[in-house]
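**Student:** Below is the file run32.txt, which contains compact mmCIF, C-alpha atoms.
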```txt
# COMPACT_ATOMS: atom_id res chain seq x y z
CA MET A 1 -5.96 -25.70 7.81
CA SER A 2 -8.33 -24.06 10.28
CA ALA A 3 -11.75 -22.80 9.20
CA PHE A 4 -10.47 -19.29 9.79
CA ALA A 5 -7.51 -19.80 7.47
CA LYS A 6 -9.77 -21.33 4.84
CA ASP A 7 -12.10 -18.33 4.95
CA LEU A 8 -9.10 -16.04 4.72
CA GLU A 9 -7.70 -17.90 1.75
CA ALA A 10 -11.05 -17.89 -0.05
CA ALA A 11 -11.38 -14.13 0.36
CA ILE A 12 -8.03 -13.20 -1.23
CA PRO A 13 -9.13 -12.96 -4.90
CA ALA A 14 -12.06 -10.68 -4.02
CA LEU A 15 -9.88 -8.56 -1.73
CA ARG A 16 -7.43 -8.05 -4.59
CA ARG A 17 -10.28 -7.01 -6.88
CA TYR A 18 -11.62 -4.50 -4.35
CA ALA A 19 -8.16 -3.13 -3.55
CA ARG A 20 -7.35 -2.66 -7.23
CA ALA A 21 -10.59 -0.81 -7.92
CA LEU A 22 -10.06 1.29 -4.81
CA THR A 23 -6.45 2.28 -5.54
CA ARG A 24 -6.20 1.77 -9.33
CA ASP A 25 -2.62 0.56 -8.84
CA ALA A 26 -1.71 -3.13 -8.91
CA GLU A 27 1.33 -2.82 -6.61
CA ILE A 28 -0.35 -0.66 -3.99
CA ALA A 29 -3.40 -2.90 -4.14
CA ASP A 30 -1.42 -6.06 -3.38
CA ASP A 31 0.49 -4.22 -0.64
CA LEU A 32 -2.86 -3.40 0.93
CA VAL A 33 -4.08 -6.98 0.63
CA GLN A 34 -0.84 -8.26 2.14
CA ASP A 35 -1.09 -5.83 5.06
CA THR A 36 -4.73 -6.80 5.51
CA LEU A 37 -3.88 -10.51 5.69
CA VAL A 38 -1.00 -9.93 8.10
CA ARG A 39 -3.23 -7.80 10.29
CA ALA A 40 -5.93 -10.48 10.20
CA LEU A 41 -3.46 -13.24 11.14
CA ARG A 42 -2.13 -11.10 13.96
CA SER A 43 -5.60 -10.32 15.35
CA GLN A 44 -7.08 -13.75 14.75
CA HIS A 45 -7.63 -14.15 18.49
CA LEU A 46 -9.78 -11.00 18.49
CA PHE A 47 -12.14 -12.40 15.91
CA HIS A 48 -15.17 -13.96 17.58
CA GLY A 49 -17.19 -15.53 14.81
CA GLY A 50 -19.20 -13.57 12.28
CA ASP A 51 -18.35 -13.03 8.67
CA VAL A 52 -14.58 -13.13 8.05
CA ARG A 53 -15.09 -11.58 4.64
CA SER A 54 -16.69 -8.35 5.78
CA TRP A 55 -14.16 -8.09 8.63
CA LEU A 56 -11.39 -8.22 6.00
CA TYR A 57 -13.08 -5.50 3.96
CA THR A 58 -13.20 -3.41 7.13
CA ILE A 59 -9.46 -3.83 7.72
CA LEU A 60 -8.58 -3.06 4.12
CA THR A 61 -10.82 0.01 4.01
CA ASN A 62 -9.17 1.37 7.17
CA LEU A 63 -5.64 0.63 5.98
CA ASN A 64 -6.31 2.45 2.74
CA ARG A 65 -7.69 5.44 4.62
CA ASN A 66 -4.49 5.53 6.71
CA ARG A 67 -2.40 5.25 3.57
CA LEU A 68 -4.15 8.23 1.97
CA ARG A 69 -3.74 10.27 5.14
CA SER A 70 0.00 9.70 5.18
CA LEU A 71 0.18 10.49 1.45
CA ALA A 72 -1.69 13.72 2.06
CA ARG A 73 1.05 14.77 4.46
CA ARG A 74 3.63 14.20 1.75
CA PRO A 75 2.00 15.42 -1.46
CA ALA A 76 5.28 15.12 -3.37
CA LEU A 77 5.02 11.34 -3.18
CA SER A 78 1.42 10.94 -4.28
CA PRO A 79 1.25 8.76 -7.39
CA LEU A 80 0.42 10.32 -10.71
CA GLY A 81 -2.86 9.39 -12.31
CA ASP A 82 -3.23 8.47 -15.94
CA ALA A 83 -5.52 11.39 -16.60
CA ASP A 84 -3.29 12.51 -19.43
CA ALA A 85 -3.25 9.17 -21.19
CA PRO A 86 -4.68 9.29 -24.69
CA GLN A 87 -8.32 8.46 -25.20
CA MET A 88 -9.00 5.00 -26.49
CA ALA A 89 -11.87 3.72 -28.53
CA GLY A 90 -13.76 0.43 -28.36
CA PRO A 91 -14.50 -1.68 -25.30
CA GLU A 92 -11.34 -0.43 -23.53
CA ALA A 93 -12.79 3.07 -23.52
CA GLY A 94 -15.69 2.07 -21.24
CA GLY A 95 -13.19 0.64 -18.74
CA ARG A 96 -11.10 3.81 -18.84
CA ASP A 97 -14.09 6.08 -18.46
CA ILE A 98 -15.39 4.26 -15.42
CA GLU A 99 -11.89 4.13 -13.96
CA ARG A 100 -11.55 7.89 -14.25
CA ALA A 101 -15.05 8.50 -12.98
CA LEU A 102 -14.22 6.41 -9.89
CA ALA A 103 -10.90 8.21 -9.49
CA ALA A 104 -12.73 11.54 -9.31
CA LEU A 105 -14.78 10.44 -6.30
CA VAL A 106 -14.08 11.19 -2.66
CA GLU A 107 -12.46 8.14 -1.04
CA ASP A 108 -15.36 7.23 1.28
CA GLN A 109 -17.88 7.48 -1.56
CA ARG A 110 -15.73 5.33 -3.83
CA ALA A 111 -15.32 2.70 -1.12
CA ALA A 112 -19.06 2.62 -0.37
CA LEU A 113 -20.00 2.24 -4.03
CA LEU A 114 -17.39 -0.47 -4.70
CA LEU A 115 -18.34 -2.47 -1.62
CA VAL A 116 -21.99 -2.49 -2.69
CA VAL A 117 -21.68 -2.85 -6.45
CA LEU A 118 -18.46 -4.83 -6.93
CA GLU A 119 -18.25 -6.83 -3.71
CA GLY A 120 -21.96 -7.33 -3.10
CA LEU A 121 -21.92 -6.28 0.56
CA SER A 122 -25.21 -5.34 2.19
CA TYR A 123 -25.78 -1.75 3.30
CA ARG A 124 -25.44 -2.94 6.89
CA GLU A 125 -22.07 -4.57 6.19
CA VAL A 126 -20.80 -1.45 4.44
CA ALA A 127 -21.94 0.65 7.41
CA GLU A 128 -19.89 -1.61 9.69
CA ALA A 129 -16.86 -1.56 7.40
CA GLN A 130 -16.90 2.23 7.25
CA GLY A 131 -17.91 2.72 10.87
CA VAL A 132 -20.88 4.96 10.03
CA PRO A 133 -24.71 4.72 10.20
CA ILE A 134 -26.57 3.21 7.25
CA GLY A 135 -27.96 6.65 6.38
CA THR A 136 -24.42 7.87 5.75
CA VAL A 137 -23.73 4.90 3.49
CA MET A 138 -26.87 5.73 1.53
CA SER A 139 -25.87 9.35 1.02
CA ARG A 140 -22.33 8.34 -0.02
CA LEU A 141 -23.84 5.93 -2.51
CA ALA A 142 -26.22 8.58 -3.85
CA ARG A 143 -23.47 11.16 -4.28
CA ALA A 144 -21.13 8.66 -5.90
CA ARG A 145 -23.76 7.59 -8.41
CA ALA A 146 -24.82 11.12 -9.24
CA GLN A 147 -21.23 12.20 -9.77
CA ILE A 148 -20.32 9.22 -11.95
CA LYS A 149 -23.44 9.80 -14.01
CA SER A 150 -22.60 13.42 -14.72
CA TYR A 151 -18.98 12.45 -15.41
CA LEU A 152 -19.99 9.81 -17.94
CA ASP A 153 -22.66 12.03 -19.48
CA GLY A 154 -20.13 14.83 -19.88
CA GLU A 155 -17.48 12.47 -21.21
CA ARG A 156 -19.65 11.22 -24.02
CA PRO A 157 -21.91 14.03 -25.17
CA ALA A 158 -23.41 11.88 -27.90
CA LEU A 159 -25.27 9.93 -25.25
CA ARG A 160 -26.58 12.98 -23.41
CA ARG A 161 -30.25 12.78 -22.81
CA VAL A 162 -32.39 14.87 -25.16
CA LYS A 163 -35.01 16.92 -23.37
CA MET B 164 -49.32 12.44 -10.62
CA MET B 165 -50.52 9.07 -9.50
CA ASP B 166 -48.77 8.60 -6.16
CA ARG B 167 -51.62 7.19 -4.22
CA GLU B 168 -49.28 5.33 -1.91
CA SER B 169 -46.50 7.01 0.05
CA PRO B 170 -44.06 8.58 -2.41
CA VAL B 171 -40.90 6.67 -3.32
CA THR B 172 -37.70 8.14 -1.88
CA GLU B 173 -34.30 8.32 -3.53
CA ASP B 174 -33.00 5.88 -0.89
CA GLU B 175 -35.63 3.41 -2.06
CA LEU B 176 -34.49 3.75 -5.65
CA HIS B 177 -30.95 2.84 -4.60
CA ALA B 178 -32.24 -0.03 -2.49
CA TYR B 179 -34.25 -1.22 -5.48
CA VAL B 180 -31.12 -1.28 -7.68
CA ASP B 181 -29.06 -3.01 -4.99
CA GLY B 182 -31.63 -5.66 -4.08
CA GLU B 183 -32.14 -4.21 -0.61
CA LEU B 184 -35.73 -3.11 -1.02
CA PRO B 185 -38.29 -4.80 1.27
CA ALA B 186 -40.58 -7.06 -0.73
CA ASP B 187 -43.68 -5.05 0.21
CA ARG B 188 -42.30 -1.92 -1.48
CA GLN B 189 -41.29 -3.64 -4.69
CA ALA B 190 -44.59 -3.05 -6.51
CA ALA B 191 -44.82 0.57 -5.36
CA VAL B 192 -41.34 1.37 -6.70
CA GLU B 193 -42.03 -0.35 -10.01
CA ALA B 194 -45.26 1.60 -10.44
CA TRP B 195 -43.43 4.82 -9.56
CA LEU B 196 -40.74 4.15 -12.17
CA ALA B 197 -43.34 3.43 -14.83
CA ALA B 198 -44.87 6.85 -14.12
CA HIS B 199 -41.60 8.79 -13.72
CA PRO B 200 -39.32 8.37 -16.74
CA GLU B 201 -36.65 10.68 -15.24
CA ASP B 202 -36.26 8.37 -12.26
CA ALA B 203 -36.40 5.31 -14.49
CA ALA B 204 -33.54 6.78 -16.53
CA ARG B 205 -31.49 7.38 -13.38
CA VAL B 206 -32.10 3.82 -12.21
CA SER B 207 -30.96 2.40 -15.50
CA ALA B 208 -27.90 4.69 -15.51
CA TRP B 209 -26.96 3.37 -12.06
CA ARG B 210 -27.34 -0.18 -13.31
CA ALA B 211 -25.16 0.60 -16.32
CA GLN B 212 -22.49 2.04 -13.99
CA ALA B 213 -22.53 -1.15 -11.94
CA GLU B 214 -22.07 -3.20 -15.12
CA LEU B 215 -19.12 -1.04 -16.21
CA ILE B 216 -17.47 -1.39 -12.81
CA LYS B 217 -17.91 -5.14 -12.80
CA ALA B 218 -16.71 -5.47 -16.38
CA ARG B 219 -13.61 -3.45 -15.56
CA TYR B 220 -12.57 -5.20 -12.34
CA ALA B 221 -14.17 -8.66 -12.22
CA GLY B 222 -11.19 -10.23 -14.01
CA ILE B 223 -8.80 -9.39 -11.19
CA ALA B 224 -10.46 -11.94 -8.92
CA LEU B 225 -9.75 -14.58 -11.57
CA GLU B 226 -6.02 -13.88 -11.75
CA PRO B 227 -3.71 -16.31 -9.97
CA VAL B 228 -2.89 -15.00 -6.49
CA PRO B 229 0.73 -13.74 -6.39
CA ALA B 230 3.19 -15.69 -4.23
CA ARG B 231 3.67 -12.86 -1.78
CA LEU B 232 0.05 -13.22 -0.71
CA ASP B 233 0.45 -16.92 0.03
CA LEU B 234 -1.12 -17.42 3.44
CA ALA B 235 1.27 -20.09 4.69
CA ARG B 236 4.22 -17.87 3.80
CA LEU B 237 2.69 -14.83 5.50
CA ARG B 238 2.03 -16.92 8.59
CA ARG B 239 5.68 -18.07 8.72
CA LEU B 240 6.94 -14.52 8.27
CA GLU B 241 4.53 -13.33 10.93
CA ARG B 242 5.84 -15.87 13.49
CA ARG B 243 9.46 -15.11 12.72
CA TRP B 244 8.66 -11.42 12.89
CA THR B 245 7.04 -11.63 16.32
CA ARG B 246 10.02 -13.50 17.77
CA SER B 247 12.73 -11.30 16.27
CA ALA B 248 10.83 -8.09 17.01
CA ALA B 249 10.61 -8.96 20.70
CA ALA B 250 14.33 -9.70 20.87
CA ALA B 251 15.21 -6.59 18.90
CA VAL B 252 13.07 -4.30 21.06
CA ILE B 253 15.03 -5.41 24.13
CA ALA B 254 18.33 -4.96 22.29
CA ALA B 255 17.24 -1.53 21.08
CA PHE B 256 16.55 -0.38 24.64
CA VAL B 257 20.00 -1.43 25.76
CA ILE B 258 21.92 -0.12 22.76
CA GLY B 259 19.75 2.97 22.45
CA GLY B 260 20.43 3.89 26.06
CA LEU B 261 24.16 3.58 25.60
CA LEU B 262 24.50 5.23 22.25
CA GLY B 263 21.57 7.59 22.03
CA TRP B 264 23.82 10.59 21.79
CA PHE B 265 24.90 9.53 18.31
CA GLY B 266 21.56 10.91 17.17
CA ARG B 267 23.04 14.37 16.89
CA GLU B 268 23.65 14.14 13.19
CA MET B 269 25.36 16.99 11.42
CA VAL B 270 24.07 18.57 8.28
CA GLU B 271 26.82 19.00 5.79
CA GLY B 272 26.82 18.69 2.06
CA GLY B 273 30.18 20.20 1.19
CA SER B 274 32.56 17.31 1.83
CA ALA B 275 33.85 15.05 -0.91
CA LEU B 276 31.90 12.21 0.60
CA GLY B 277 28.72 14.24 0.56
CA LYS B 278 29.14 14.93 -3.13
CA THR B 279 30.37 11.79 -4.81
CA LEU B 280 29.67 8.74 -2.72
CA THR B 281 26.16 9.69 -1.71
CA THR B 282 25.40 10.55 -5.32
CA ASP B 283 26.45 7.05 -6.35
CA ALA B 284 24.42 5.55 -3.54
CA ILE B 285 21.31 7.60 -4.25
CA ASP B 286 21.56 6.83 -7.97
CA ALA B 287 21.75 3.12 -7.19
CA HIS B 288 18.83 3.52 -4.81
CA LYS B 289 16.67 5.19 -7.46
CA LEU B 290 17.65 2.61 -10.05
CA TYR B 291 16.89 -0.50 -8.04
CA VAL B 292 14.03 0.30 -5.66
CA VAL B 293 11.59 0.50 -8.53
CA GLU B 294 12.47 -3.04 -9.64
CA VAL B 295 9.61 -5.36 -8.87
CA ARG B 296 10.99 -8.64 -10.16
CA HIS B 297 14.75 -8.29 -9.78
CA PRO B 298 15.51 -5.69 -7.13
CA VAL B 299 18.42 -7.75 -5.79
CA GLU B 300 20.86 -10.41 -6.95
CA VAL B 301 20.68 -12.49 -3.78
CA PRO B 302 17.42 -12.55 -1.81
CA GLY B 303 17.21 -11.84 1.93
CA ALA B 304 16.17 -15.44 2.50
CA GLU B 305 19.80 -16.35 1.76
CA ALA B 306 21.19 -13.68 4.06
CA ALA B 307 24.16 -15.77 5.21
CA HIS B 308 25.27 -16.44 1.66
CA LEU B 309 24.68 -12.81 0.68
CA VAL B 310 26.82 -11.42 3.49
CA GLN B 311 29.59 -13.95 2.88
CA TRP B 312 29.69 -13.16 -0.82
CA LEU B 313 29.65 -9.38 -0.41
CA SER B 314 32.28 -9.53 2.36
CA LYS B 315 34.55 -11.50 0.08
CA ARG B 316 34.19 -9.01 -2.76
CA LEU B 317 34.49 -5.95 -0.52
CA GLY B 318 37.50 -7.34 1.31
CA TYR B 319 36.13 -6.74 4.80
CA ASP B 320 33.49 -8.22 7.04
CA LEU B 321 30.16 -6.75 6.04
CA ARG B 322 27.09 -7.31 8.18
CA ALA B 323 23.50 -6.83 7.20
CA PRO B 324 21.89 -4.83 10.04
CA ASP B 325 18.71 -6.36 11.41
CA LEU B 326 16.06 -3.65 11.09
CA ALA B 327 13.04 -5.77 11.99
CA ALA B 328 12.51 -3.80 15.19
CA ILE B 329 11.75 -0.69 13.16
CA GLY B 330 9.58 -2.50 10.67
CA LEU B 331 12.00 -3.32 7.87
CA LYS B 332 12.86 -6.68 6.44
CA LEU B 333 15.88 -7.49 4.31
CA VAL B 334 14.90 -7.88 0.65
CA GLY B 335 18.42 -8.87 -0.34
CA GLY B 336 21.49 -7.34 -1.86
CA ARG B 337 23.75 -6.91 -4.85
CA LEU B 338 27.28 -5.96 -5.80
CA LEU B 339 27.96 -2.57 -7.39
CA PRO B 340 31.03 -0.75 -8.64
CA GLY B 341 32.31 1.51 -5.85
CA PRO B 342 34.71 4.47 -5.60
CA SER B 343 37.65 2.16 -4.94
CA GLY B 344 36.73 -1.37 -5.97
CA ALA B 345 33.44 -2.99 -5.08
CA ALA B 346 30.48 -1.63 -3.15
CA GLY B 347 27.84 -3.63 -1.33
CA PHE B 348 24.19 -2.70 -1.67
CA LEU B 349 21.50 -3.98 0.71
CA MET B 350 17.80 -3.38 0.27
CA TYR B 351 15.16 -3.29 3.01
CA GLU B 352 11.41 -3.09 2.73
CA GLY B 353 8.81 -1.66 5.11
CA PRO B 354 5.29 -2.91 5.84
CA SER B 355 3.71 -1.00 2.99
CA GLY B 356 6.39 -1.72 0.42
CA GLU B 357 8.56 1.38 0.92
CA ARG B 358 12.21 0.60 0.34
CA PHE B 359 15.46 1.70 1.95
CA THR B 360 18.95 0.83 0.79
CA LEU B 361 22.29 0.67 2.52
CA TYR B 362 25.33 1.31 0.33
CA CYS B 363 28.70 0.21 1.79
CA ALA B 364 32.17 0.81 0.40
CA ARG B 365 35.76 1.31 1.44
CA TRP B 366 36.48 5.00 1.86
CA ALA B 367 39.66 6.43 3.34
CA ALA B 368 38.33 9.41 5.32
CA PRO B 369 38.07 10.53 8.92
CA GLU B 370 35.19 9.15 10.94
CA THR B 371 31.95 11.10 10.94
CA ALA B 372 28.68 10.91 12.80
CA LEU B 373 25.45 10.69 10.84
CA ARG B 374 25.13 13.32 8.15
CA TYR B 375 22.08 14.17 6.13
CA ARG B 376 21.75 14.75 2.43
CA ASP B 377 18.50 15.73 0.77
CA ALA B 378 18.02 14.84 -2.89
CA GLY B 379 14.41 15.76 -3.54
CA GLN B 380 12.04 12.85 -2.95
CA ILE B 381 14.97 10.69 -1.86
CA ALA B 382 17.26 11.50 1.03
CA ALA B 383 20.23 9.81 2.68
CA PHE B 384 22.10 9.63 5.94
CA TYR B 385 25.76 8.74 5.60
CA TRP B 386 28.67 8.15 7.87
CA VAL B 387 32.26 6.93 7.83
CA GLU B 388 33.76 4.55 10.30
CA ASP B 389 37.02 2.65 10.22
CA ASN B 390 37.69 3.70 6.60
CA LYS B 391 34.32 2.39 5.48
CA ALA B 392 31.50 4.56 4.28
CA TYR B 393 27.80 3.78 4.64
CA VAL B 394 24.89 5.52 2.96
CA MET B 395 21.31 4.79 4.01
CA SER B 396 18.90 6.09 1.35
CA GLY B 397 15.13 6.17 1.36
CA PRO B 398 12.01 8.30 0.94
CA ALA B 399 12.66 11.80 2.27
CA ASP B 400 10.96 11.38 5.62
CA ARG B 401 13.83 12.68 7.69
CA ASP B 402 12.72 11.45 11.12
CA ARG B 403 12.02 7.96 9.94
CA LEU B 404 15.18 7.79 7.86
CA ARG B 405 17.25 8.98 10.79
CA LYS B 406 15.79 6.27 12.99
CA ILE B 407 16.66 3.65 10.39
CA ALA B 408 20.16 4.97 9.77
CA GLN B 409 20.74 5.22 13.50
CA SER B 410 19.78 1.60 14.01
CA ALA B 411 22.12 0.47 11.21
CA TYR B 412 24.88 2.71 12.59
CA ASP B 413 24.50 1.26 16.08
CA GLN B 414 24.60 -2.31 14.84
CA LEU B 415 27.57 -1.80 12.53
CA GLU B 416 29.40 0.19 15.18
CA THR B 417 28.86 -2.23 18.01
CA ARG B 418 29.56 -5.38 16.09
CA ALA B 419 32.97 -5.69 17.70
CA ALA B 420 31.24 -5.72 21.09
CA GLY B 421 29.40 -8.84 19.97
CA LYS B 422 25.88 -7.42 19.85
CA GLY B 423 24.19 -9.96 17.63
CA SER B 424 20.97 -9.76 15.74
CA SER B 425 18.24 -12.16 16.74
```
Mind turning the file's structure into C-alpha cells?

**Tutor:**
Amino acid sequence: MSAFAKDLEAAIPALRRYARALTRDAEIADDLVQDTLVRALRSQHLFHGGDVRSWLYTILTNLNRNRLRSLARRPALSPLGDADAPQMAGPEAGGRDIERALAALVEDQRAALLLVVLEGLSYREVAEAQGVPIGTVMSRLARARAQIKSYLDGERPALRRVK
Amino acid sequence: MMDRESPVTEDELHAYVDGELPADRQAAVEAWLAAHPEDAARVSAWRAQAELIKARYAGIALEPVPARLDLARLRRLERRWTRSAAAAVIAAFVIGGLLGWFGREMVEGGSALGKTLTTDAIDAHKLYVVEVRHPVEVPGAEAAHLVQWLSKRLGYDLRAPDLAAIGLKLVGGRLLPGPSGAAGFLMYEGPSGERFTLYCARWAAPETALRYRDAGQIAAFYWVEDNKAYVMSGPADRDRLRKIAQSAYDQLETRAAGKGSS
C-alpha cells in the first residue's frame, strides 16, 4: 500500500466522526465520507505532498456545503430533525443538548467549531479547509461559541449565572 | 482595572482555549482572566462545550469502519467506473444522436397504466429504497445471475440497463408480484446514495413514449414497449429522472440492435 493510501486509511475513523457531528445522520455522514474518499482517490495525482488529513477535511467540508445547497433547492426533501423528541435525563441529556445546540448553528460556524474542537485542526488549517482568511475563522468560532452558550444556558435555567 | 499591558482581545481568549496563543501572551491572558471573572466564566463555558462535543462524538471514531468505506473496494469500483464511464459516454453520444427525439415525453395520468401499474411500482419503490441492509434479493455484483433469474420468472429476456454514464450503479434486484404474474424490480444508486428503481412487467397495451407521473416526493416515468411495461421511479427531480428513464428506454429499446453495455 502506498503512503498516500495508508494516510487515507488512517484518516477514515476521524472523517466519520467529523461527518457525523456535521450532519447528525449516520447514513448521510458515511455517504459523505465515501464521496470524499472516492474524490481523493480520483484526484490523487493532484495532491503534491502536505497533510493528507486536512486535505480530506477540505473535500468533505466542500461536499457537505454542496449537499446543503442542493437540499435548499428542494426543501421538501430536507431531513427532519429530532427537535420534537422527548427530553431525556442523565448523561444522555448532555449529548442531546449539545447536538441540538450544534444543529442550531449556521453551517460554516458549525464546521469551523467542529474542525477546531473535535478534530484538533489549527486555525490555519481550518482557514484553508473553508477557503477563508483566519480572521473569518475566528469570528465563526466566536459566534458559534456564543450561540451554543446561550442555547445551553437557556436550555437549563438552573445553571444560569446569578448576577 | 489593572491592564497595564495591552488589553486581551476576544480572539486571544479563543486562542488561549484552543492552544493557539503565542507563549509570550500566555501570562498576560492568565492575569487578565484572574482579574475579569466574566471572561473567565466564558472561557470555562467554552471548555465545557468542547468537552460535551468530544464526549458526544468521540466514540464514532472507535467504531469499526463499515465495509462500504473499505479503501481497496472503493479503488476497484473507481477503476471499473472510469473504464465503463468512458465507454458509456461514447455510446450515449451515438445513441443519443439517433434517438434524442424520444425525449418528448407526454404527460398523462388518466390511462389504466398510469393508475395501477405505476402505483404498484411507486409503492415498491417507497418500500424498498429505505432498506439499508436488504434493499435487494440479489446484489448488483451478481448481475448476470440476477438478470437470468428474473428473465426466467418473467418469461422474457430482461436486461439491466447500464446507467453508469449518468452516475448510477446497479444495487441489485428482486422479484415482486406483478399485474399478470411476476414483476422484476431493479435498484440503482447515485453518488450520494439517492436511489432509483426500474419496475418491469408484462402488460398488454399499445406502445407509449415516456410518460410522467408525479406522486409527491417520488415521481416516475413509464412506458410500454412490445407488451412490456417499465416504470422508472425516483426522487421528484423531473429533469434528472427523465435523463435516467431516457437512458434506460434507449438501452431496452435498442437491445435488438445489439447495443451492448460496457

**Student:** Pick out the chain B residues within 7 Å of chain A. Count all atoms listed in the file. Give them as a PyMOL selection string.

**Tutor:** chain B and resi 174+208-209+213+215-217+219-221+223-225+228+232+234+237+355-356

**Student:** Box along x, y and z, 3 Å on every side, all listed atoms of stretch 12-29 of chain A inside: centre and edge lengths in Å to one decimal, as JSON.

**Tutor:**
```
{"center_x": -5.4, "center_y": -5.5, "center_z": -5.3, "size_x": 19.4, "size_y": 21.5, "size_z": 14.1}
```

**Student:** For atom CA of A:Pro133 and atom CA of B:Arg205, determine how far apart the two atoms are, in Å to one decimal place.

**Tutor:** 24.7 Å

**Student:** From the list A:Val52, A:Ala129, A:Ile134, A:Ala111, which residue is nearest A:Asp7 when using all atoms listed in the file?

**Tutor:**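 Of A:Val52, A:Ala129, A:Ile134, A:Ala111, the one nearest A:Asp7, counting all atoms listed in the file, is A:Val52.
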
**Student:** For a quick check of understanding, using all atoms listed in the file, which of B:Leu176, B:Ser314, B:Asp413, B:Leu184 has the smallest distance to B:Ala204?

**Tutor:**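 Of all the options, B:Leu176 lies closest to B:Ala204.
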
**Student:** Take atom CA of B:Asp320 and atom CA of B:Ala364 and report the distance between them in Å, one decimal.

**Tutor:**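 Between these atoms lies a distance of 11.3 Å.
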
**Student:** Using all atoms listed in the file, which of the listed residues (A:Arg143, A:Thr58, A:Glu107, A:Asn66) sits closest to A:Gly131?

**Tutor:**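 Of the candidates, the smallest distance to A:Gly131 is held by A:Thr58.
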
**Student:** Find, counting all atoms listed in the file, the residue in B:Arg365, B:Arg403, B:Arg337, B:Lys332 that gets nearest to B:Leu280.

**Tutor:**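 Closest candidate: B:Arg365.
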
**Student:** Taking only C-alpha atoms into account, which of B:Leu240, B:Ala306, B:Ala323, B:Ala191 comes nearest B:Gln414?

**Tutor:**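 Of B:Leu240, B:Ala306, B:Ala323, B:Ala191, the one nearest B:Gln414 is B:Ala323, counting only C-alpha atoms.
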
**Student:** For atom CA of B:Arg296 and atom CA of B:Tyr385, determine how far apart the two atoms are, in Å to one decimal place.

**Tutor:**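 Between atom CA of B:Arg296 and atom CA of B:Tyr385 the gap works out to 27.7 Å.
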
**Student:** From the structure block, carefully write stretch 13-50 of chain A out with C-alpha atoms; format it as a compact mmCIF listing (two decimals), in the first residue's frame.

**Tutor:**
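Contents of decode-v3.txt, freshly written:
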```txt
# COMPACT_ATOMS: atom_id res chain seq x y z
CA PRO A 13 -12.36 6.96 11.53
CA ALA A 14 -11.83 10.68 12.20
CA LEU A 15 -13.58 11.65 8.97
CA ARG A 16 -16.59 9.58 10.02
CA ARG A 17 -16.62 11.32 13.40
CA TYR A 18 -16.48 14.78 11.82
CA ALA A 19 -19.10 13.93 9.21
CA ARG A 20 -21.48 12.56 11.83
CA ALA A 21 -21.14 15.64 14.02
CA LEU A 22 -21.56 17.87 10.98
CA THR A 23 -24.67 16.15 9.59
CA ARG A 24 -26.10 14.38 12.68
CA ASP A 25 -27.15 11.49 10.43
CA ALA A 26 -25.19 8.25 10.24
CA GLU A 27 -26.19 7.39 6.66
CA ILE A 28 -25.57 10.83 5.22
CA ALA A 29 -22.30 11.01 7.13
CA ASP A 30 -20.96 7.77 5.64
CA ASP A 31 -22.17 8.84 2.19
CA LEU A 32 -20.10 11.99 2.61
CA VAL A 33 -17.05 10.04 3.76
CA GLN A 34 -17.42 7.64 0.83
CA ASP A 35 -17.69 10.52 -1.65
CA THR A 36 -14.69 12.17 0.00
CA LEU A 37 -12.57 9.03 -0.36
CA VAL A 38 -13.62 8.49 -3.98
CA ARG A 39 -12.84 12.11 -4.77
CA ALA A 40 -9.45 11.79 -3.06
CA LEU A 41 -8.60 8.60 -4.99
CA ARG A 42 -9.64 10.27 -8.22
CA SER A 43 -7.54 13.39 -7.57
CA GLN A 44 -4.58 11.61 -6.04
CA HIS A 45 -2.37 12.88 -8.86
CA LEU A 46 -3.27 16.47 -7.93
CA PHE A 47 -2.04 16.04 -4.40
CA HIS A 48 1.52 17.30 -4.06
CA GLY A 49 2.60 16.48 -0.55
CA GLY A 50 1.35 18.28 2.52
```
